[in-house]
Structure formats: structure tokens, C-alpha cells
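Text of upload-v5.pdb (PDB, C-alpha atoms) as supplied:
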ATOM      1  CA  MET A   1     -20.491 -22.808  -0.605
ATOM      2  CA  ASP A   2     -19.304 -23.529   2.929
ATOM      3  CA  PHE A   3     -17.337 -20.835   4.705
ATOM      4  CA  SER A   4     -15.327 -20.856   7.880
ATOM      5  CA  ASP A   5     -16.224 -18.477  10.708
ATOM      6  CA  THR A   6     -13.463 -16.128   9.528
ATOM      7  CA  GLU A   7     -14.822 -15.498   6.032
ATOM      8  CA  LEU A   8     -17.937 -14.072   4.440
ATOM      9  CA  VAL A   9     -19.365 -12.547   1.279
ATOM     10  CA  THR A  10     -20.541  -8.985   1.765
ATOM     11  CA  GLU A  11     -23.857  -7.547   0.773
ATOM     12  CA  PRO A  12     -23.513  -4.928  -2.005
ATOM     13  CA  VAL A  13     -20.924  -2.290  -1.049
ATOM     14  CA  ARG A  14     -19.188   0.576  -2.850
ATOM     15  CA  ILE A  15     -15.474   0.492  -3.505
ATOM     16  CA  ALA A  16     -12.863   3.233  -3.304
ATOM     17  CA  PHE A  17      -9.220   3.197  -4.344
ATOM     18  CA  PRO A  18      -9.468  -0.199  -6.079
ATOM     19  CA  ALA A  19      -6.178  -1.895  -6.946
ATOM     20  CA  LEU A  20      -7.521  -5.316  -7.881
ATOM     21  CA  PHE A  21      -5.601  -5.906 -11.107
ATOM     22  CA  GLU A  22      -2.203  -4.420 -10.202
ATOM     23  CA  PRO A  23      -0.805  -4.250  -6.660
ATOM     24  CA  LYS A  24      -0.146  -0.803  -5.191
ATOM     25  CA  PRO A  25       1.885   0.368  -2.175
ATOM     26  CA  THR A  26      -0.042  -0.015   1.081
ATOM     27  CA  VAL A  27       1.248   3.374   2.266
ATOM     28  CA  LYS A  28       2.243   6.404   0.215
ATOM     29  CA  GLY A  29       5.843   6.010  -0.915
ATOM     30  CA  GLY A  30       6.072   2.476   0.515
ATOM     31  CA  THR A  31       7.494  -0.599  -1.165
ATOM     32  CA  ASP A  32       5.065  -3.196   0.272
ATOM     33  CA  LEU A  33       2.736  -3.886  -2.686
ATOM     34  CA  LYS A  34      -0.739  -5.372  -2.185
ATOM     35  CA  TYR A  35      -3.958  -5.843  -4.100
ATOM     36  CA  GLN A  36      -6.414  -3.707  -2.190
ATOM     37  CA  SER A  37      -9.569  -1.656  -2.000
ATOM     38  CA  ALA A  38     -11.452   0.400   0.520
ATOM     39  CA  ILE A  39     -14.931  -1.005   1.080
ATOM     40  CA  LEU A  40     -17.653   1.557   1.834
ATOM     41  CA  LEU A  41     -20.629   0.281   3.840
ATOM     42  CA  PRO A  42     -23.933   2.201   3.563
ATOM     43  CA  PRO A  43     -25.681   3.410   6.747
ATOM     44  CA  ASP A  44     -28.228   0.559   6.674
ATOM     45  CA  TYR A  45     -25.557  -2.155   6.254
ATOM     46  CA  ASP A  46     -25.870  -4.983   8.802
ATOM     47  CA  LEU A  47     -22.480  -4.946  10.558
ATOM     48  CA  LYS A  48     -23.193  -7.992  12.730
ATOM     49  CA  PRO A  49     -21.794 -10.630  10.287
ATOM     50  CA  LEU A  50     -18.614  -8.567   9.800
ATOM     51  CA  ALA A  51     -18.200  -8.108  13.552
ATOM     52  CA  GLU A  52     -18.665 -11.849  14.129
ATOM     53  CA  CYS A  53     -16.067 -12.600  11.451
ATOM     54  CA  VAL A  54     -13.588 -10.213  13.121
ATOM     55  CA  LYS A  55     -14.185 -11.874  16.511
ATOM     56  CA  ALA A  56     -13.630 -15.335  15.013
ATOM     57  CA  ALA A  57     -10.383 -14.146  13.390
ATOM     58  CA  MET A  58      -9.166 -12.772  16.747
ATOM     59  CA  ILE A  59      -9.886 -16.061  18.469
ATOM     60  CA  GLU A  60      -8.145 -17.968  15.664
ATOM     61  CA  LYS A  61      -5.053 -15.739  15.855
ATOM     62  CA  TRP A  62      -4.780 -14.840  19.569
ATOM     63  CA  GLY A  63      -7.049 -17.354  21.309
ATOM     64  CA  LYS A  64      -9.384 -14.630  22.591
ATOM     65  CA  VAL A  65     -11.279 -11.509  21.604
ATOM     66  CA  ILE A  66      -9.238  -8.394  22.292
ATOM     67  CA  LYS A  67     -10.509  -4.868  22.850
ATOM     68  CA  LEU A  68      -9.886  -2.661  19.836
ATOM     69  CA  THR A  69      -9.469   1.090  19.822
ATOM     70  CA  ALA A  70     -11.129   3.235  17.170
ATOM     71  CA  ARG A  71      -7.711   3.569  15.535
ATOM     72  CA  ASN A  72      -7.027  -0.158  15.115
ATOM     73  CA  ALA A  73     -10.598  -1.394  14.562
ATOM     74  CA  PRO A  74     -11.045  -2.823  11.054
ATOM     75  CA  ILE A  75     -14.470  -1.178  10.567
ATOM     76  CA  LYS A  76     -14.302   2.603  10.869
ATOM     77  CA  LYS A  77     -16.754   5.516  10.665
ATOM     78  CA  CYS A  78     -16.335   7.635   7.550
ATOM     79  CA  GLU A  79     -16.951  10.846   9.513
ATOM     80  CA  ASP A  80     -13.901  10.062  11.692
ATOM     81  CA  ARG A  81     -11.491  10.455   8.753
ATOM     82  CA  ASP A  82      -9.139  13.433   8.894
ATOM     83  CA  THR A  83      -9.793  14.323   5.262
ATOM     84  CA  GLU A  84     -12.962  14.600   3.236
ATOM     85  CA  LEU A  85     -13.111  12.185   0.334
ATOM     86  CA  ALA A  86     -15.914  11.619  -2.156
ATOM     87  CA  GLY A  87     -17.946   8.591  -1.095
ATOM     88  CA  TYR A  88     -16.872   8.747   2.564
ATOM     89  CA  GLU A  89     -20.205  10.174   3.729
ATOM     90  CA  ASP A  90     -21.457  10.715   7.282
ATOM     91  CA  GLY A  91     -23.292   7.623   8.519
ATOM     92  CA  TRP A  92     -21.269   5.313   6.277
ATOM     93  CA  ARG A  93     -18.501   3.011   7.495
ATOM     94  CA  TYR A  94     -15.489   1.627   5.717
ATOM     95  CA  LEU A  95     -12.840  -1.051   5.936
ATOM     96  CA  ASN A  96      -9.693  -1.677   3.941
ATOM     97  CA  ALA A  97      -9.157  -5.055   2.299
ATOM     98  CA  LYS A  98      -5.624  -6.084   1.274
ATOM     99  CA  SER A  99      -4.043  -9.218  -0.131
ATOM    100  CA  GLY A 100      -0.679 -10.362  -1.401
ATOM    101  CA  TYR A 101      -2.552 -12.537  -3.892
ATOM    102  CA  GLN A 102      -4.436 -11.194  -6.893
ATOM    103  CA  PRO A 103      -8.155 -11.621  -6.255
ATOM    104  CA  SER A 104     -10.541 -13.123  -8.764
ATOM    105  CA  VAL A 105     -12.816 -10.383 -10.082
ATOM    106  CA  LEU A 106     -16.102 -11.801 -11.356
ATOM    107  CA  ASP A 107     -19.243 -10.327 -12.883
ATOM    108  CA  GLN A 108     -22.845 -11.214 -11.985
ATOM    109  CA  LYS A 109     -22.654 -14.291 -14.206
ATOM    110  CA  LYS A 110     -19.483 -15.415 -12.381
ATOM    111  CA  GLN A 111     -17.376 -14.724 -15.473
ATOM    112  CA  GLU A 112     -13.907 -13.291 -14.898
ATOM    113  CA  ILE A 113     -13.654  -9.547 -15.539
ATOM    114  CA  LEU A 114     -10.584  -8.783 -17.620
ATOM    115  CA  ASP A 115     -11.469  -5.194 -18.568
ATOM    116  CA  GLU A 116     -10.090  -3.138 -15.677
ATOM    117  CA  GLY A 117     -12.309  -0.226 -16.732
ATOM    118  CA  ARG A 118     -15.379  -2.100 -15.462
ATOM    119  CA  ILE A 119     -14.150  -1.800 -11.865
ATOM    120  CA  PHE A 120     -13.846   1.787 -10.662
ATOM    121  CA  ALA A 121     -14.169   3.864  -7.514
ATOM    122  CA  GLY A 122     -17.832   4.196  -6.617
ATOM    123  CA  CYS A 123     -19.088   1.034  -8.304
ATOM    124  CA  TRP A 124     -21.177  -1.416  -6.290
ATOM    125  CA  CYS A 125     -19.916  -4.950  -5.772
ATOM    126  CA  ARG A 126     -19.597  -7.806  -3.296
ATOM    127  CA  PHE A 127     -16.383  -8.996  -1.653
ATOM    128  CA  HIS A 128     -15.429 -12.439  -0.421
ATOM    129  CA  LEU A 129     -13.422 -11.524   2.696
ATOM    130  CA  THR A 130     -11.239 -13.688   4.902
TER     131      THR A 130
END

Take the structure in this file and express it as C-alpha cells.
Amino acid sequence: MDFSDTELVTEPVRIAFPALFEPKPTVKGGTDLKYQSAILLPPDYDLKPLAECVKAAMIEKWGKVIKLTARNAPIKKCEDRDTELAGYEDGWRYLNAKSGYQPSVLDQKKQEILDEGRIFAGCWCRFHLT
């Protein structure tokens, strides 16, 4: 499968707050509904491909790489969160993936998962990110 510079498939990651079958508000009490999940990256995760993808997306959108603050960077340190949440461990990083389109959710045999109970916070999976 050929990908552009702005997309990749992750190595195995853990998910938190998955809303992959029904869209949920992007902020508490909001009306903007998206399919979404937090993606938790273990301490030994190679961040270089993600960082390169982010740079390519910046160039595609703004024509150059811009300096990001810790607040607006897409990849964040779990220990920098204001609240303690299960799974957000020191040394781990996270990013939030959102889409207006329902994602395909496939198992290891590339068969569509229809049983929402098979996808839950803490399970390991891969994401195709753009």
C-alpha cells in the first residue's frame, strides 16, 4: 500500500476514550460530533515517523514547518496532563485522533469488526492516520 508523506500506520498502540462506532462531542457539552480516540504511545515507541508525518502535513497546509508549543503539539507527554487517568503513565505519550467520517475498524484478518465490545479503552491496535 502506497502512502503519502502525510499518512502512516502506527505500530501497536493502546487506545483510550474510543468513539469509533458512534461520534461523540469533541469537547464536554459541545455539539461538534466526531469519531475519535486518544492514542497512547509506549515509552519505547519510535516517534520519528509520526514527527515526519506532522512536518509533511504542516508543509502541505502552510507551506513551511512552524514551531509548535507544548500546548498545540499533536504528540504530548502523558505526565504533562493536569489530571491522572488510567493508562496515561509517565514516560508514555499520547495524541488525539478525530474524524468526521466513520473509520473502518478491522481485525487482524482484515475483517470488519461489528461488535463494538471488541474495541475498548486499553486494548492494543494500529491506526491508519492522515

Original post:
Could you list as a ChimeraX atom specification every residue that has an atom within 12 Å of (-16.3, -10.6, 11.2), using the file's coordinates and counting all atoms listed in the file?
Top reply: /A:4-10,46-60,65,73-75,95,128-130

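For the choices A:Leu68, A:Leu20, A:Ala86, A:Val27, the atom-to-atom distance to A:Gly122 is smallest for A:Ala86 when using only C-alpha atoms.
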
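Across the structure, atom CA of A:Lys34 and atom CA of A:Asn96 are spaced 11.5 Å apart.
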
Original post:
Can you list, as an MDAnalysis selection string, the residues that the PyMOL selection byres ((chain A and resi 37-44) around 12) selects here?
Top reply: chainID A and resid 10:26 34:36 45:48 50 74:79 85:99 102:103 119:129

Original post:
Just how far from atom CA of A:Asp80 is atom CA of A:Lys67, in Å to one decimal?
Top reply: 18.9 Å

Original post:
Between atom CA of A:Thr31 and atom CA of A:Arg81, what is the spacing in Å?
Top reply: 24.1 Å

As JSON: centre and edge lengths in Å, one decimal, of the axis-aligned box holding stretch 28-46 of chain A with 6 Å per side:
{"center_x": -10.4, "center_y": 0.3, "center_z": 2.4, "size_x": 47.7, "size_y": 24.2, "size_z": 24.9}

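Closest to A:Tyr101 among A:Leu33, A:Glu84, A:Gly63, A:Lys28 is A:Leu33, based on all atoms listed in the file.
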